[in-house]
Amino acid sequence: MSHQFGRRDFLRAAAVTGAAASLALAAAPPPPVRNLVEMLRLMRKIRHFEEVLTGLYKYESFLSQGDIVGDMYDFASKGIIAGAVHLYIGQEAVAVGVSAALNPDDFVTSSHRGHGHAIAKGAALGPMMAELMGRKTGCSKGCGGSMHIFSKELGLLGGNGIVGAQIPLAIGAAFSAKYRGSDQVAVAYFGEGASNQGTFHEALHMAALWELPVVFVCENNLYAASTAAEITLAIPNVAERGAGYGMPGHIVDGQDVLAVYAAASAAVERARAGGGPTLLECKTYRFTSHAGAGRGQHNNPEELKVWLNRDPIALFEKKLRDDGVMTAAEQEGLKQQVLAEVEEAVAFAKNSPFPTFDEMPVTPDTDLLA
Amino acid sequence: MSHQFGRRDFLRAAAVTGAAASLALAAAPPPPVRNLVEMLRLMRKIRHFEEVLTGLYKYESFLSQGDIVGDMYDFASKGIIAGAVHLYIGQEAVAVGVSAALNPDDFVTSSHRGHGHAIAKGAALGPMMAELMGRKTGCSKGCGGSMHIFSKELGLLGGNGIVGAQIPLAIGAAFSAKYRGSDQVAVAYFGEGASNQGTFHEALHMAALWELPVVFVCENNLYAASTAAEITLAIPNVAERGAGYGMPGHIVDGQDVLAVYAAASAAVERARAGGGPTLLECKTYRFTSHAGAGRGQHNNPEELKVWLNRDPIALFEKKLRDDGVMTAAEQEGLKQQVLAEVEEAVAFAKNSPFPTFDEMPVTPDTDLLA
Amino acid sequence: MRELTYTQAISEAIREEMKRDDTVFQIGEDIGPVRKRPELWNQFMKIRTWQTPISESGFTGLSVGAAMTGLRPITVIMYCDFVGVCMDPIVNQAAKIHLMSGGEIKVPLVIRTPAGAGTREGGHHSGSLESWFVHSPGLKVVMPSDPCDAKGLMKSAIRDDGPVIYIQHRILHGMGKRPCPEGEWVVPLGKAAVKRPGTDITVVGVSVGVMKALEAAEKLAGQISVEVVDPRTLVPLDVDTILASVKKTGHLLVVHDAPRRGGVGAEIIRRVVEKGFGLLKKAPKVLGSVNTAMPYSPPLEDACLPQTSDVVKAIRDVLG
Amino acid sequence: MRELTYTQAISEAIREEMKRDDTVFQIGEDIGPVRKRPELWNQFMKIRTWQTPISESGFTGLSVGAAMTGLRPITVIMYCDFVGVCMDPIVNQAAKIHLMSGGEIKVPLVIRTPAGAGTREGGHHSGSLESWFVHSPGLKVVMPSDPCDAKGLMKSAIRDDGPVIYIQHRILHGMGKRPCPEGEWVVPLGKAAVKRPGTDITVVGVSVGVMKALEAAEKLAGQISVEVVDPRTLVPLDVDTILASVKKTGHLLVVHDAPRRGGVGAEIIRRVVEKGFGLLKKAPKVLGSVNTAMPYSPPLEDACLPQTSDVVKAIRDVLG
Ligand SMILES: Cc1ncc(C[n+]2csc(CCOP(=O)(O)OP(=O)(O)O)c2C)c(N)n1
Ligand SMILES: Cc1ncc(C[n+]2csc(CCOP(=O)(O)OP(=O)(O)O)c2C)c(N)n1
Ligand SMILES: [Mg+2]
Ligand SMILES: [Mg+2]
């Protein structure tokens, strides 16, 4: 019964090992060395892209003005990056591990917390940074913003501002692939909070019913905004919900990029082979606050300390050093390369013009000004 | 995997015995003789109420005019009962078995197929028949119709024209009972088709999370309109979905009123005692067509023949005779009493005036005519 | 000309477009004759029609994802009222993705939904919600009033590269056979039609409102010369044709099934008044249903819905 | 008078009503400081605030069921745009049950939702959807434009026996402290307020539109005398106060954040034209946002949303 669970159960449920995952799934061959280094590079790209943009976002909140009864999620930015920006820092292993198992033409639908999903799928930093600054050179010409990163050629079907809405979109892309007879696979990224949305239920069920080539990647970072999963999930593991749709559900260590890669490869291959969908629950953690580019206060500082010990980048770098794949010096070099790339992206964005109203990509016949 | 299921699995899944149910649940003490007779009376009330109203509904369909591509669910009635009327005939054991486990002040939310749920909870036939004829004396003053039977004093929170919408309403009534510190329990009736709606997922989950006093009664009659459950359910038993919410799910023989009663009593008592919600899947069958007061063609005539052998009324009458509770003559007498009651209800309705526009129960300040 | 019913015309358009374009398919509840589980996908693929679970937000979202990736879905919402459970994929996803993707991604999707009251189905099966969609930028809104337009507008809707809401009124399903061209017959989006010429008053009918306006015009023939204009599509709205008519008649009445309050009638009046205030000799009016949920009882439903006799009366009111 | 911010005023009203009536509670996402699982229900019960899973249609439906059975829920939808996932429990359940039950069952429910653009949050977090609700019979619609009305209207909304949609504009959250009466302070539903008297033109502002209208009026002070009318509630609409103003000024402009097409501005013009056609010296106009999804880029969002300078321009346009 639900009331028997406590925070400990949730933390224990979250403290799975990569072994569990590989146990649960046919082990995939480890990626070749080049890919291992590229995976680290992608993780660093995500991390530094977001660390740098944080400095460009001047957080302001009205929260103190109201109180718990009347407060809403109010904040703004007076920086050159505005609006609501949700950071992926701490979860990099998930997007990178999953993307390493995907083909360039596979599809991805993402959430409000989508920078990492986009970068891992290959999105260029310049246009992304430009989008966050609302520039004409942004990947959506400035019309999307942080929550709406699209790229047709990379199969990025967008972040989404509506929690759970991206899940049906992904089964639609999978439906399309199966209909067209292509071997493309679709991935839906969403949080544990989104697994309580009706769209999760409807989409997972239809995907199983029609054996669509889709992988559902639930990033359980233990929080939905400032709400702890333990008070909004009646069961400790979202993966258990797969059974209700006749779909396999697996728990994966979301801090271990190779464990994620192993689980994702098995699920993606299964989907590509016509075996139908899989639900992967990646246990992970958000190192910053929910929104406001990480500038709000964190939900639980003590808990954070524990999780910082499982920083996915530190863990992966150590493994690569232990396995003799890279030296500390090489890793520092890679970090510097990435930092330089991010600075370039910032410069590119800052030097880009803002779009004008007439440049907005609206369809002519929707009587814009009527 | 989903594709391994076939029709046989669904029929097998449907062919459970009362034993299975009592096995799954702490057996409840059988109801006293008086109640047994009252249960039979209620089953007959539902059956004859609907058999008689069918004669007052003149079915007309445009379906033949279009074709499978353009057709919609089109029909009308030229009789004194109009609109969309969905019959409960064949499923009587479910509503009666469940209601026998409820207190008068317990709550019920129902579906488009709600006559049986209302009658079993105690709704008077006259005002119900008057409602179906759109009369001023109808339980909703003619403003509701077949799909919207309400009774505040009986705790009937309405049928519903929106599949799945009644499930959250029921957890709201359960929430209210728990909040007010009353010992009321709420029941949500819905079909297997509704179990694919997002509201099912969201409502069952919150009920489990907050241990609300509610019982979810899924009437799996193997069809959603003309769509066979086997092509729209990825798993053969809806009951299996309870696990995804940390909620017990049980399969019940929906043609055996005592099996339903046993399962419902256990679930209701558990809810009343603060043990939280239960999902009951009652395997049953619709003896008539989906809508149009049973006048459309039936989905599957061969299948129907098989199920008619498990007519819940015939089964129960035989048991009552075998157990020496009633004689065939007494049962015939009861049937005649009920038929007379239904005729009275028809007469009452026919002699009732139609409501006038000015009698519509609208709130004065919503500028009706603005 | 060969005659078809309203639904036959829609079927023909869909069949012809399916032949013409492999990416066109239909998805929704209770459509298609599939009964057996084995080979589910192949059975659907054969008829290009997917019979779904009762999961509107799921399969509408699925349709959006399919439209984003190369297909042209026709998504059926069985009754207009049911969009209450799936507005998000329509207005937040389908309608906004084109702009939010910087114009990179198109969503060629048709949402087809029967609507309207008059069938005694009560509060949950009588809705006409076109004004919700008219107020949701990024959507086109189509409401054919006869088999001829039903076919031609369905073809345009399917071929359009953006999301189109195609609302078919249930009463029109039963209107009987009417002339309808065979084969290629396309009615462009954004072109109104004068369905009956007249000189004294312009009556703009929306969907079944056209039928009622024509009946009223017939009743008044000889006394009042009524011009009946059918916008056919509400987005884009061909306001010029309406203005041209008002220029001639100096009087305007809009007739629709939806509640008056906040209905498209108000929007049409805004557009006309904005550009043609000087053309109006008298106050324009909207005749819509009473601002209430639709009651089941036949006399109450009739009292709440505009009847042909109400149109006649409203025409006299406007002319004063 | 003591001053409060807009959200403080809302908080105070809710707290006072919770004290006054045991059946009042609040439910929604991410509200309330509850962190630990044990005794979940009791933690919520103590603060009369339920922090829900992300399940809008589920907890909104729950709220309707609770309202039908003796409670008075205040249901929070975090952003107005999210109602796309839960329109059904609002418009098909809460709004219609009173009629469908023959008047037997009341649904005293407040849906509280922050809305509006201007915060650079992009296409999914900028909506103002009041006209969907205005077009849904059975609902009342409240849009306070300052802390004083925010408190008084919240109290009326909570005490009302039917469903009330309470839309609070995010920009107003940041407007700073304003006078707001302490204790019992009730603003009745259906009474407009003249927020600034004038003689040349009537500007009806909706929500943040009032703020912009007042700023414009100030800019034009000395040249044009602008009367700013705040309907405060759109259903019921106090059209008489608007008509009285138009009678005086002969000119009408409506200002709102929502897209012009199918916005409440059109409805207000319909109402005024219907009863006061003769009072208008010039064509009335609506100033709303451009008919597009809201773009993120600050200069684009500013170009799509009515600014104070646009109100000034529109006032001059109407006066010609
Ligand atoms: C339909 C909807 N409801 C609520 C929100 C507000 N919201 C944005 S993010 C968020 C939390 C999401 O939690 P989760 O799914 O776990 O993703 P995470 O933020 O943890 O990555 C909420 C409630 C929304 N954007 N959409
Ligand atoms: C949201 C919604 N979608 C679709 C419908 C149309 N519809 C009415 S009944 C029905 C089938 C319901 O099947 P099930 O839940 O199994 O109940 P049953 O009719 O078998 O009792 C459908 C699709 C509806 N009323 N509401
Ligand atoms: Mg989370
Ligand atoms: Mg069924």
# chains A, B, ... in the order shown; residues from 1 in each chain; ligands from 1
$ residues_near_ligand --ligand "ligand 1" --cutoff "6 Å" --atoms "only C-alpha atoms and all ligand atoms" --output "PDB file with C-alpha atoms, in the first residue's frame"
ATOM      1  CA  ARG A 113      13.927  20.558 -19.610  1.00  0.00           C
ATOM      2  CA  GLY A 161       5.837  23.503 -22.382  1.00  0.00           C
ATOM      3  CA  ILE A 162       2.971  21.162 -21.617  1.00  0.00           C
ATOM      4  CA  VAL A 163       4.024  18.392 -19.266  1.00  0.00           C
ATOM      5  CA  PHE A 190       9.715  12.969 -19.775  1.00  0.00           C
ATOM      6  CA  GLY A 191       9.954  13.252 -16.025  1.00  0.00           C
ATOM      7  CA  GLU A 192       8.449  11.133 -13.275  1.00  0.00           C
ATOM      8  CA  GLY A 193       5.977  13.941 -12.724  1.00  0.00           C
ATOM      9  CA  ALA A 194       4.739  13.578 -16.286  1.00  0.00           C
ATOM     10  CA  ASN A 221      14.852  13.081 -10.811  1.00  0.00           C
ATOM     11  CA  TYR A 223      11.068  16.213  -8.109  1.00  0.00           C
ATOM     12  CA  ALA A 224       8.349  17.830 -10.135  1.00  0.00           C
ATOM     13  CA  ALA A 225       9.007  21.545  -9.785  1.00  0.00           C
TER      14      ALA A 225
ATOM     15  CA  ILE D  54       0.591  16.541 -12.474  1.00  0.00           C
ATOM     16  CA  PHE D  82      -2.745  24.210 -19.308  1.00  0.00           C
TER      17      PHE D  82
END
$ interface_residues --of "chain B" --to "chain D" --cutoff "7 Å" --atoms "only C-alpha atoms" --output "list in words"
Ser140, Lys141, Cys143, Gly144, His148, Phe150, Lys152, Pro168, Leu169, Ala170, Ile171, Gly172, Ala173, Phe175, Ser176, Thr199, Glu202, Ala203, Trp210, Pro361, Val362, Asp365, Thr366 and Asp367 of chain B
$ residues_near_ligand --ligand "ligand 3" --cutoff "12 Å" --atoms "only C-alpha atoms and all ligand atoms" --output "ChimeraX atom specification"
/A:86-88,91,111-113,163-164,189-196,218-230,232-233,238,281-287,289-291,299 /D:53-54
$ write_last_selection --atoms "N, CA and C atoms" --output "CSV table (one decimal), in the first residue's frame"
chain,number,residue,atom,x,y,z
A,86,HIS,N,14.8,25.9,-17.8
A,86,HIS,CA,15.0,24.8,-16.9
A,86,HIS,C,16.3,24.0,-17.3
A,87,LEU,N,17.1,23.8,-16.2
A,87,LEU,CA,18.4,23.2,-16.5
A,87,LEU,C,18.5,21.7,-16.4
A,88,TYR,N,19.3,21.1,-17.1
A,88,TYR,CA,19.5,19.7,-17.2
A,88,TYR,C,20.7,19.2,-16.4
A,91,GLN,N,21.7,15.5,-15.0
A,91,GLN,CA,21.0,14.4,-15.7
A,91,GLN,C,21.7,14.1,-17.1
A,111,SER,N,10.9,17.6,-23.3
A,111,SER,CA,10.1,18.3,-22.3
A,111,SER,C,10.5,19.8,-22.2
A,112,HIS,N,10.1,20.4,-21.1
A,112,HIS,CA,10.5,21.8,-20.8
A,112,HIS,C,12.0,21.8,-20.4
A,113,ARG,N,12.5,20.6,-20.0
A,113,ARG,CA,13.9,20.6,-19.6
A,113,ARG,C,14.7,19.9,-20.7
A,163,VAL,N,3.5,19.6,-19.8
A,163,VAL,CA,4.0,18.4,-19.3
A,163,VAL,C,3.2,17.2,-19.8
A,164,GLY,N,3.9,16.3,-20.4
A,164,GLY,CA,3.2,15.0,-20.9
A,164,GLY,C,2.8,15.1,-22.3
A,189,TYR,N,11.2,11.7,-24.1
A,189,TYR,CA,11.8,12.0,-22.8
A,189,TYR,C,10.8,12.7,-21.9
A,190,PHE,N,10.6,12.3,-20.7
A,190,PHE,CA,9.7,13.0,-19.8
A,190,PHE,C,10.1,12.7,-18.3
A,191,GLY,N,9.6,13.4,-17.4
A,191,GLY,CA,10.0,13.3,-16.0
A,191,GLY,C,9.0,12.3,-15.3
A,192,GLU,N,9.3,12.0,-14.1
A,192,GLU,CA,8.4,11.1,-13.3
A,192,GLU,C,7.1,11.9,-13.0
A,193,GLY,N,7.2,13.2,-12.9
A,193,GLY,CA,6.0,13.9,-12.7
A,193,GLY,C,5.0,13.8,-13.9
A,194,ALA,N,5.6,13.7,-15.1
A,194,ALA,CA,4.7,13.6,-16.3
A,194,ALA,C,4.1,12.2,-16.3
A,195,SER,N,4.6,11.2,-15.6
A,195,SER,CA,4.1,9.9,-15.7
A,195,SER,C,2.7,9.8,-15.0
A,196,ASN,N,2.3,10.9,-14.3
A,196,ASN,CA,1.0,11.0,-13.7
A,196,ASN,C,0.0,11.7,-14.6
A,218,CYS,N,11.8,7.8,-19.0
A,218,CYS,CA,11.3,8.6,-17.9
A,218,CYS,C,12.5,8.9,-17.1
A,219,GLU,N,12.8,10.2,-16.9
A,219,GLU,CA,13.9,10.7,-16.1
A,219,GLU,C,13.3,11.0,-14.7
A,220,ASN,N,13.5,10.0,-13.8
A,220,ASN,CA,13.0,10.2,-12.5
A,220,ASN,C,14.0,11.0,-11.6
A,221,ASN,N,13.9,12.3,-11.6
A,221,ASN,CA,14.9,13.1,-10.8
A,221,ASN,C,14.3,13.4,-9.4
A,222,LEU,N,13.3,12.7,-9.0
A,222,LEU,CA,12.7,12.8,-7.7
A,222,LEU,C,11.9,14.1,-7.4
A,223,TYR,N,11.9,15.0,-8.3
A,223,TYR,CA,11.1,16.2,-8.1
A,223,TYR,C,10.3,16.6,-9.3
A,224,ALA,N,9.1,17.2,-9.1
A,224,ALA,CA,8.3,17.8,-10.1
A,224,ALA,C,8.2,19.3,-9.7
A,225,ALA,N,8.9,20.2,-10.3
A,225,ALA,CA,9.0,21.5,-9.8
A,225,ALA,C,9.5,21.4,-8.4
A,226,SER,N,8.8,22.0,-7.4
A,226,SER,CA,9.4,21.8,-6.0
A,226,SER,C,8.7,20.7,-5.2
A,227,THR,N,7.9,19.8,-6.0
A,227,THR,CA,7.2,18.8,-5.3
A,227,THR,C,8.0,17.5,-5.4
A,228,ALA,N,8.2,16.9,-4.2
A,228,ALA,CA,9.0,15.6,-4.1
A,228,ALA,C,8.1,14.5,-4.7
A,229,ALA,N,8.8,13.6,-5.5
A,229,ALA,CA,8.1,12.5,-6.1
A,229,ALA,C,7.5,11.6,-5.0
A,230,GLU,N,8.1,11.6,-3.8
A,230,GLU,CA,7.5,10.7,-2.8
A,230,GLU,C,6.1,11.1,-2.4
A,232,THR,N,3.9,12.5,-4.6
A,232,THR,CA,3.0,12.5,-5.7
A,232,THR,C,3.0,11.2,-6.5
A,233,LEU,N,3.8,10.2,-6.1
A,233,LEU,CA,3.8,8.9,-6.8
A,233,LEU,C,3.4,7.8,-5.8
A,238,VAL,N,8.4,4.2,-11.5
A,238,VAL,CA,7.5,4.4,-12.6
A,238,VAL,C,7.6,3.2,-13.6
A,281,GLU,N,13.0,3.6,-16.9
A,281,GLU,CA,13.0,4.7,-15.9
A,281,GLU,C,14.5,4.9,-15.4
A,282,CYS,N,15.0,6.1,-15.7
A,282,CYS,CA,16.3,6.4,-15.4
A,282,CYS,C,16.3,7.2,-14.1
A,283,LYS,N,16.9,6.6,-13.0
A,283,LYS,CA,16.9,7.3,-11.7
A,283,LYS,C,18.0,8.3,-11.8
A,284,THR,N,17.7,9.6,-11.6
A,284,THR,CA,18.7,10.6,-11.7
A,284,THR,C,18.3,11.8,-10.7
A,285,TYR,N,19.0,12.9,-10.9
A,285,TYR,CA,18.8,14.0,-10.0
A,285,TYR,C,19.1,15.3,-10.7
A,286,ARG,N,18.3,16.4,-10.3
A,286,ARG,CA,18.5,17.7,-10.8
A,286,ARG,C,19.4,18.5,-9.9
A,287,PHE,N,20.6,18.9,-10.4
A,287,PHE,CA,21.6,19.6,-9.4
A,287,PHE,C,21.2,21.0,-9.1
A,289,SER,N,17.9,24.3,-9.2
A,289,SER,CA,16.5,24.5,-8.9
A,289,SER,C,15.7,24.2,-10.2
A,290,HIS,N,14.4,24.1,-10.0
A,290,HIS,CA,13.5,23.7,-11.1
A,290,HIS,C,13.6,24.6,-12.3
A,291,ALA,N,13.4,25.9,-12.1
A,291,ALA,CA,13.3,26.8,-13.3
A,291,ALA,C,14.2,28.0,-13.0
A,299,ASN,N,15.4,22.5,-3.8
A,299,ASN,CA,14.4,21.9,-3.0
A,299,ASN,C,14.9,21.3,-1.7
D,53,PRO,N,-0.4,15.4,-7.8
D,53,PRO,CA,0.4,15.0,-9.0
D,53,PRO,C,0.1,15.9,-10.2
D,54,ILE,N,0.9,15.8,-11.3
D,54,ILE,CA,0.6,16.5,-12.5
D,54,ILE,C,-0.5,15.8,-13.2
$ residues_around --residues "Glu269 (chain B)" --least-positions-apart "5" --cutoff "10 Å" --atoms "only C-alpha atoms" --output "VMD selection string"
chain B and resid 28 101 to 102 185 213 215 264 274 to 276
$ write_last_selection --atoms "N, CA, C and O atoms" --output "compact mmCIF listing (two decimals), in the first residue's frame"
# COMPACT_ATOMS: atom_id res chain seq x y z
N ALA B 28 -17.42 -12.32 1.85
CA ALA B 28 -18.33 -11.57 2.72
C ALA B 28 -19.49 -12.48 3.08
O ALA B 28 -19.82 -13.39 2.31
N ALA B 101 -23.93 -3.82 -1.59
CA ALA B 101 -22.84 -3.64 -0.62
C ALA B 101 -22.74 -2.19 -0.15
O ALA B 101 -21.87 -1.85 0.65
N LEU B 102 -23.61 -1.33 -0.65
CA LEU B 102 -23.51 0.11 -0.34
C LEU B 102 -24.55 0.56 0.67
O LEU B 102 -25.63 -0.04 0.79
N VAL B 185 -18.67 6.06 1.17
CA VAL B 185 -17.80 5.48 0.15
C VAL B 185 -18.36 5.89 -1.21
O VAL B 185 -19.55 6.10 -1.36
N PRO B 213 -11.67 6.69 -0.03
CA PRO B 213 -12.67 5.62 0.11
C PRO B 213 -13.50 5.47 -1.17
O PRO B 213 -14.62 6.00 -1.27
N VAL B 215 -14.38 2.77 -4.71
CA VAL B 215 -14.27 1.48 -5.39
C VAL B 215 -14.48 1.72 -6.88
O VAL B 215 -15.45 2.36 -7.28
N ALA B 264 -17.58 -6.78 -4.03
CA ALA B 264 -17.89 -5.38 -3.72
C ALA B 264 -17.90 -5.15 -2.21
O ALA B 264 -17.35 -4.16 -1.72
N GLY B 274 -10.80 2.80 5.79
CA GLY B 274 -9.61 3.61 5.57
C GLY B 274 -8.49 2.88 4.86
O GLY B 274 -7.36 3.35 4.81
N GLY B 275 -8.82 1.73 4.29
CA GLY B 275 -7.79 0.93 3.62
C GLY B 275 -7.48 1.37 2.20
O GLY B 275 -6.58 0.84 1.57
N GLY B 276 -8.26 2.33 1.70
CA GLY B 276 -7.99 2.83 0.36
C GLY B 276 -8.82 2.16 -0.72
O GLY B 276 -9.68 1.32 -0.43
$ residues_around --residues "Asn35 (chain B)" --least-positions-apart "2" --cutoff "12 Å" --atoms "only C-alpha atoms" --output "ChimeraX atom specification"
/B:30-33,37-42,96-97,99-101,257-258,261,320,325
$ write_last_selection --atoms "N, CA and C atoms" --output "mmCIF file, in the first residue's frame"
data_model
loop_
_atom_site.group_PDB
_atom_site.id
_atom_site.type_symbol
_atom_site.label_atom_id
_atom_site.label_comp_id
_atom_site.auth_asym_id
_atom_site.auth_seq_id
_atom_site.Cartn_x
_atom_site.Cartn_y
_atom_site.Cartn_z
ATOM 1 N N PRO B 30 -22.999 -14.023 3.116
ATOM 2 C CA PRO B 30 -24.047 -13.892 2.108
ATOM 3 C C PRO B 30 -25.188 -13.019 2.644
ATOM 4 N N PRO B 31 -25.866 -12.286 1.740
ATOM 5 C CA PRO B 31 -26.949 -11.429 2.207
ATOM 6 C C PRO B 31 -28.115 -12.270 2.731
ATOM 7 N N PRO B 32 -28.880 -11.757 3.701
ATOM 8 C CA PRO B 32 -30.042 -12.487 4.229
ATOM 9 C C PRO B 32 -31.093 -12.684 3.122
ATOM 10 N N VAL B 33 -31.966 -13.677 3.330
ATOM 11 C CA VAL B 33 -32.964 -14.042 2.315
ATOM 12 C C VAL B 33 -33.709 -12.835 1.761
ATOM 13 N N VAL B 37 -34.034 -11.724 -2.325
ATOM 14 C CA VAL B 37 -35.237 -11.494 -3.133
ATOM 15 C C VAL B 37 -35.223 -10.061 -3.671
ATOM 16 N N GLU B 38 -34.811 -9.128 -2.827
ATOM 17 C CA GLU B 38 -34.759 -7.727 -3.283
ATOM 18 C C GLU B 38 -33.745 -7.572 -4.412
ATOM 19 N N MET B 39 -32.657 -8.315 -4.331
ATOM 20 C CA MET B 39 -31.654 -8.228 -5.399
ATOM 21 C C MET B 39 -32.249 -8.715 -6.711
ATOM 22 N N LEU B 40 -32.992 -9.827 -6.633
ATOM 23 C CA LEU B 40 -33.629 -10.325 -7.847
ATOM 24 C C LEU B 40 -34.629 -9.299 -8.374
ATOM 25 N N ARG B 41 -35.362 -8.663 -7.445
ATOM 26 C CA ARG B 41 -36.359 -7.675 -7.857
ATOM 27 C C ARG B 41 -35.669 -6.516 -8.589
ATOM 28 N N LEU B 42 -34.550 -6.071 -8.068
ATOM 29 C CA LEU B 42 -33.831 -4.959 -8.706
ATOM 30 C C LEU B 42 -33.330 -5.360 -10.094
ATOM 31 N N VAL B 96 -26.437 -4.436 -9.366
ATOM 32 C CA VAL B 96 -27.194 -4.915 -8.204
ATOM 33 C C VAL B 96 -26.247 -5.507 -7.155
ATOM 34 N N GLY B 97 -25.256 -6.254 -7.595
ATOM 35 C CA GLY B 97 -24.305 -6.825 -6.644
ATOM 36 C C GLY B 97 -23.516 -5.753 -5.915
ATOM 37 N N SER B 99 -24.448 -2.468 -5.538
ATOM 38 C CA SER B 99 -25.330 -1.637 -4.708
ATOM 39 C C SER B 99 -25.709 -2.345 -3.418
ATOM 40 N N ALA B 100 -25.818 -3.678 -3.475
ATOM 41 C CA ALA B 100 -26.178 -4.428 -2.266
ATOM 42 C C ALA B 100 -25.122 -4.249 -1.177
ATOM 43 N N ALA B 101 -23.926 -3.824 -1.591
ATOM 44 C CA ALA B 101 -22.843 -3.641 -0.617
ATOM 45 C C ALA B 101 -22.737 -2.191 -0.147
ATOM 46 N N VAL B 257 -24.375 -12.431 -9.569
ATOM 47 C CA VAL B 257 -24.639 -11.300 -8.675
ATOM 48 C C VAL B 257 -24.033 -11.518 -7.286
ATOM 49 N N LEU B 258 -23.967 -12.757 -6.840
ATOM 50 C CA LEU B 258 -23.406 -12.997 -5.500
ATOM 51 C C LEU B 258 -21.895 -12.872 -5.501
ATOM 52 N N TYR B 261 -21.378 -9.251 -5.427
ATOM 53 C CA TYR B 261 -21.670 -8.767 -4.071
ATOM 54 C C TYR B 261 -20.492 -9.054 -3.134
ATOM 55 N N LEU B 320 -31.504 -19.420 -6.637
ATOM 56 C CA LEU B 320 -32.479 -19.194 -5.562
ATOM 57 C C LEU B 320 -33.447 -20.377 -5.461
ATOM 58 N N VAL B 325 -34.719 -20.863 -1.788
ATOM 59 C CA VAL B 325 -35.073 -19.520 -1.316
ATOM 60 C C VAL B 325 -36.399 -19.075 -1.933
#
$ select_by_dssp --residues "region 39-255 of chain D" --states "strand (DSSP E or B)" --output "ChimeraX atom specification"
/D:49-51,72-76,110-115,140-142,164-169,178-179,193-196,201-205,226-230,233-235,252-255
$ residues_around --residues "Ala208 (chain B)" --least-positions-apart "3" --cutoff "7 Å" --atoms "only C-alpha atoms" --output "MDAnalysis selection string"
(chainID A and resid 2 234) or (chainID B and resid 204:205 211:212 245:247 276:277)
$ atom_distance --atom1 "CA of Leu157 (chain B)" --atom2 "CA of Val214 (chain B)"
13.8 Å
$ atom_distance --atom1 "CA of Gly123 (chain D)" --atom2 "CA of Ala349 (chain A)"
21.2 Å
$ closest_residue --among "D:Val194, D:Gly288, D:Met87, D:Ile74" --to "ligand 2" --atoms "only C-alpha atoms and all ligand atoms"
D:Met87
$ closest_residue --among "B:Gly134, B:Gly142, B:Gly242, B:Gly79" --to "chain A" --atoms "only C-alpha atoms"
B:Gly242
$ closest_residue --among "B:Val94, B:Met128, B:Met206, B:Cys139" --to "chain A" --atoms "only C-alpha atoms"
B:Met206
$ closest_residue --among "B:Ala130, B:Ala188, B:Leu339, B:Ala124" --to "Ser352 (chain B)" --atoms "only C-alpha atoms"
B:Ala130
$ select_by_dssp --residues "region 73-225 of chain B" --states "alpha helix (DSSP H)" --output "PyMOL selection string"
chain B and resi 92-99+115-121+125-132+166-180+198-209
$ atom_distance --atom1 "CA of Glu60 (chain B)" --atom2 "CA of Gly292 (chain B)"
8.3 Å
$ residues_around --residues "Ala258 (chain D)" --least-positions-apart "5" --cutoff "7 Å" --atoms "only C-alpha atoms" --output "PyMOL selection string"
chain D and resi 128-129+263+288-289
$ closest_residue --among "A:Ala266, A:Ile231, A:Val260, A:Ala340" --to "chain B" --atoms "only C-alpha atoms"
A:Ile231
